[in-house]
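Asks: Before I ask anything, let me first share the structure, which is written out below as structure tokens.
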Amino acid sequence: MPKQSYKNAFQQFADMDKDGEITEQELVHYEKLIELENEDEKSDAQRKMAWFSLSGMLLYPFAVVAANLLGLDKAPGILGDMAPTYFVSVAAIVAAFYGKEAYVGKKSG
Ligand SMILES: [Ca+2]
């Protein structure tokens, strides 16, 4: 049953002139469409990841302060020890993202 409905959905989507047949041209078009959609999703995910990393970096000092205020006496020290590794890793992620954006923008623009 699910197999059937999947096929129907595919047929409806790929069959652009709705004549009930999927020609090679329609298949190529469909393939391109899916490819573009995936590309879009991928760049969305990467953008989200870069923003998440960046906000983590910006909120890091507040986490140290918050841990201190909460009376977690060891947490600020541990966070402080982690900071160098953390900042370098996040900077690498963010740099990779913007580098890629710049490269792709240059290539297509
Ligand atoms: Ca058709």
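Residues in the structure tokens are numbered from 1 in each chain, the chains being A, B, ... in the order shown, and ligands are numbered from 1 in the order shown.
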Please identify every residue of chain A that has at least one atom no farther than 10 Å from an atom of ligand 1, counting only C-alpha atoms and all ligand atoms, and for each give the shortest atom pair and the distance in Å to one decimal, arranged by chain then increasing number, as JSON lines.

Replies:
{"residue": "A:Gln11", "atom": "CA", "partner": "ligand 1", "partner_atom_place_in_ligand_line": "1 (Ca)", "distance": 9.1}
{"residue": "A:Gln12", "atom": "CA", "partner": "ligand 1", "partner_atom_place_in_ligand_line": "1 (Ca)", "distance": 9.4}
{"residue": "A:Ala14", "atom": "CA", "partner": "ligand 1", "partner_atom_place_in_ligand_line": "1 (Ca)", "distance": 7.7}
{"residue": "A:Asp15", "atom": "CA", "partner": "ligand 1", "partner_atom_place_in_ligand_line": "1 (Ca)", "distance": 4.4}
{"residue": "A:Met16", "atom": "CA", "partner": "ligand 1", "partner_atom_place_in_ligand_line": "1 (Ca)", "distance": 5.5}
{"residue": "A:Asp17", "atom": "CA", "partner": "ligand 1", "partner_atom_place_in_ligand_line": "1 (Ca)", "distance": 4.8}
{"residue": "A:Lys18", "atom": "CA", "partner": "ligand 1", "partner_atom_place_in_ligand_line": "1 (Ca)", "distance": 5.4}
{"residue": "A:Asp19", "atom": "CA", "partner": "ligand 1", "partner_atom_place_in_ligand_line": "1 (Ca)", "distance": 4.8}
{"residue": "A:Gly20", "atom": "CA", "partner": "ligand 1", "partner_atom_place_in_ligand_line": "1 (Ca)", "distance": 5.8}
{"residue": "A:Glu21", "atom": "CA", "partner": "ligand 1", "partner_atom_place_in_ligand_line": "1 (Ca)", "distance": 4.4}
{"residue": "A:Ile22", "atom": "CA", "partner": "ligand 1", "partner_atom_place_in_ligand_line": "1 (Ca)", "distance": 4.6}
{"residue": "A:Thr23", "atom": "CA", "partner": "ligand 1", "partner_atom_place_in_ligand_line": "1 (Ca)", "distance": 5.7}
{"residue": "A:Glu24", "atom": "CA", "partner": "ligand 1", "partner_atom_place_in_ligand_line": "1 (Ca)", "distance": 9.1}
{"residue": "A:Gln25", "atom": "CA", "partner": "ligand 1", "partner_atom_place_in_ligand_line": "1 (Ca)", "distance": 8.8}
{"residue": "A:Glu26", "atom": "CA", "partner": "ligand 1", "partner_atom_place_in_ligand_line": "1 (Ca)", "distance": 6.6}
{"residue": "A:Leu27", "atom": "CA", "partner": "ligand 1", "partner_atom_place_in_ligand_line": "1 (Ca)", "distance": 9.2}

Asks: Env of Phe97 in chain A: 9 Å cut, atoms = only C-alpha atoms, seq-sep filter 5 positions within chain, self excluded. Answer as a ChimeraX atom specification.

Replies: /A:46-47,49-50,92,102

Asks: Export C-alpha atoms of the chosen residues as an mmCIF file, in the first residue's frame?

Replies:
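Writing done, so here's out20.cif:
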data_model
loop_
_atom_site.group_PDB
_atom_site.id
_atom_site.type_symbol
_atom_site.label_atom_id
_atom_site.label_comp_id
_atom_site.auth_asym_id
_atom_site.auth_seq_id
_atom_site.Cartn_x
_atom_site.Cartn_y
_atom_site.Cartn_z
ATOM 1 C CA GLN A 46 24.634 24.774 6.962
ATOM 2 C CA ARG A 47 23.409 28.298 7.600
ATOM 3 C CA MET A 49 24.634 25.326 11.926
ATOM 4 C CA ALA A 50 26.828 28.397 11.432
ATOM 5 C CA ALA A 92 36.743 26.837 12.044
ATOM 6 C CA ALA A 102 32.082 33.408 -0.674
#

Asks: Which residue gives the smallest distance to Ala96 in chain A among A:Pro84, A:Ala66, A:Ser53, A:Leu59, with only C-alpha atoms counted?

Replies: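 For Ala96 in chain A, the nearest of the candidates is A:Ser53.
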
Asks: Quick one: residues within 12 Å of range 34-45 of chain A, only C-alpha atoms, excluding same-chain residues fewer than 2 positions away - as a ChimeraX atom specification?

Replies: /A:10,13-14,27-32,47-52,97-98,100-101,104

Asks: Save the residues we just selected, N, CA and C atoms, as a PDB file, in the first residue's frame?

Replies:
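Final output, saved to selection.pdb:
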ATOM      1  N   PHE A  10       4.893  10.301  -6.953  1.00  0.00           N
ATOM      2  CA  PHE A  10       5.999  10.555  -7.864  1.00  0.00           C
ATOM      3  C   PHE A  10       5.481  10.836  -9.279  1.00  0.00           C
ATOM      4  N   PHE A  13       3.870  14.185  -9.578  1.00  0.00           N
ATOM      5  CA  PHE A  13       4.822  15.290  -9.498  1.00  0.00           C
ATOM      6  C   PHE A  13       5.670  15.386 -10.756  1.00  0.00           C
ATOM      7  N   ALA A  14       6.107  14.225 -11.241  1.00  0.00           N
ATOM      8  CA  ALA A  14       7.037  14.216 -12.371  1.00  0.00           C
ATOM      9  C   ALA A  14       6.321  14.434 -13.709  1.00  0.00           C
ATOM     10  N   LEU A  27      11.489  13.315 -16.758  1.00  0.00           N
ATOM     11  CA  LEU A  27      12.302  12.665 -15.731  1.00  0.00           C
ATOM     12  C   LEU A  27      13.563  13.482 -15.434  1.00  0.00           C
ATOM     13  N   VAL A  28      14.169  13.999 -16.492  1.00  0.00           N
ATOM     14  CA  VAL A  28      15.365  14.833 -16.335  1.00  0.00           C
ATOM     15  C   VAL A  28      15.019  16.100 -15.560  1.00  0.00           C
ATOM     16  N   HIS A  29      13.887  16.676 -15.912  1.00  0.00           N
ATOM     17  CA  HIS A  29      13.417  17.882 -15.239  1.00  0.00           C
ATOM     18  C   HIS A  29      13.155  17.611 -13.749  1.00  0.00           C
ATOM     19  N   TYR A  30      12.511  16.485 -13.510  1.00  0.00           N
ATOM     20  CA  TYR A  30      12.194  16.074 -12.132  1.00  0.00           C
ATOM     21  C   TYR A  30      13.472  15.900 -11.312  1.00  0.00           C
ATOM     22  N   GLU A  31      14.440  15.247 -11.955  1.00  0.00           N
ATOM     23  CA  GLU A  31      15.710  14.990 -11.299  1.00  0.00           C
ATOM     24  C   GLU A  31      16.392  16.303 -10.914  1.00  0.00           C
ATOM     25  N   LYS A  32      16.370  17.252 -11.834  1.00  0.00           N
ATOM     26  CA  LYS A  32      16.979  18.565 -11.614  1.00  0.00           C
ATOM     27  C   LYS A  32      16.284  19.290 -10.457  1.00  0.00           C
ATOM     28  N   ARG A  47      23.584  26.948   7.058  1.00  0.00           N
ATOM     29  CA  ARG A  47      23.409  28.298   7.600  1.00  0.00           C
ATOM     30  C   ARG A  47      22.976  28.219   9.063  1.00  0.00           C
ATOM     31  N   LYS A  48      22.035  27.325   9.336  1.00  0.00           N
ATOM     32  CA  LYS A  48      21.556  27.148  10.709  1.00  0.00           C
ATOM     33  C   LYS A  48      22.702  26.737  11.632  1.00  0.00           C
ATOM     34  N   MET A  49      23.531  25.813  11.130  1.00  0.00           N
ATOM     35  CA  MET A  49      24.634  25.326  11.926  1.00  0.00           C
ATOM     36  C   MET A  49      25.612  26.457  12.227  1.00  0.00           C
ATOM     37  N   ALA A  50      25.897  27.288  11.230  1.00  0.00           N
ATOM     38  CA  ALA A  50      26.828  28.397  11.432  1.00  0.00           C
ATOM     39  C   ALA A  50      26.275  29.380  12.463  1.00  0.00           C
ATOM     40  N   TRP A  51      24.978  29.677  12.380  1.00  0.00           N
ATOM     41  CA  TRP A  51      24.370  30.602  13.337  1.00  0.00           C
ATOM     42  C   TRP A  51      24.335  30.019  14.735  1.00  0.00           C
ATOM     43  N   PHE A  52      24.047  28.727  14.811  1.00  0.00           N
ATOM     44  CA  PHE A  52      24.012  28.060  16.105  1.00  0.00           C
ATOM     45  C   PHE A  52      25.390  28.102  16.759  1.00  0.00           C
ATOM     46  N   PHE A  97      32.083  27.923   6.720  1.00  0.00           N
ATOM     47  CA  PHE A  97      30.786  28.296   6.155  1.00  0.00           C
ATOM     48  C   PHE A  97      30.892  29.555   5.302  1.00  0.00           C
ATOM     49  N   TYR A  98      31.488  30.598   5.852  1.00  0.00           N
ATOM     50  CA  TYR A  98      31.581  31.861   5.108  1.00  0.00           C
ATOM     51  C   TYR A  98      32.534  31.739   3.923  1.00  0.00           C
ATOM     52  N   LYS A 100      32.971  29.035   2.169  1.00  0.00           N
ATOM     53  CA  LYS A 100      32.211  28.313   1.158  1.00  0.00           C
ATOM     54  C   LYS A 100      31.192  29.238   0.485  1.00  0.00           C
ATOM     55  N   GLU A 101      30.516  30.055   1.306  1.00  0.00           N
ATOM     56  CA  GLU A 101      29.526  31.002   0.776  1.00  0.00           C
ATOM     57  C   GLU A 101      30.194  31.957  -0.222  1.00  0.00           C
ATOM     58  N   VAL A 104      31.189  29.999  -3.428  1.00  0.00           N
ATOM     59  CA  VAL A 104      30.031  29.690  -4.269  1.00  0.00           C
ATOM     60  C   VAL A 104      29.462  30.952  -4.899  1.00  0.00           C
TER      61      VAL A 104
END

Asks: Of the candidates A:Leu33, A:Ala9, A:Val65, A:Leu54, which one gets nearest to Tyr86 in chain A if we count only C-alpha atoms?

Replies: A:Leu54
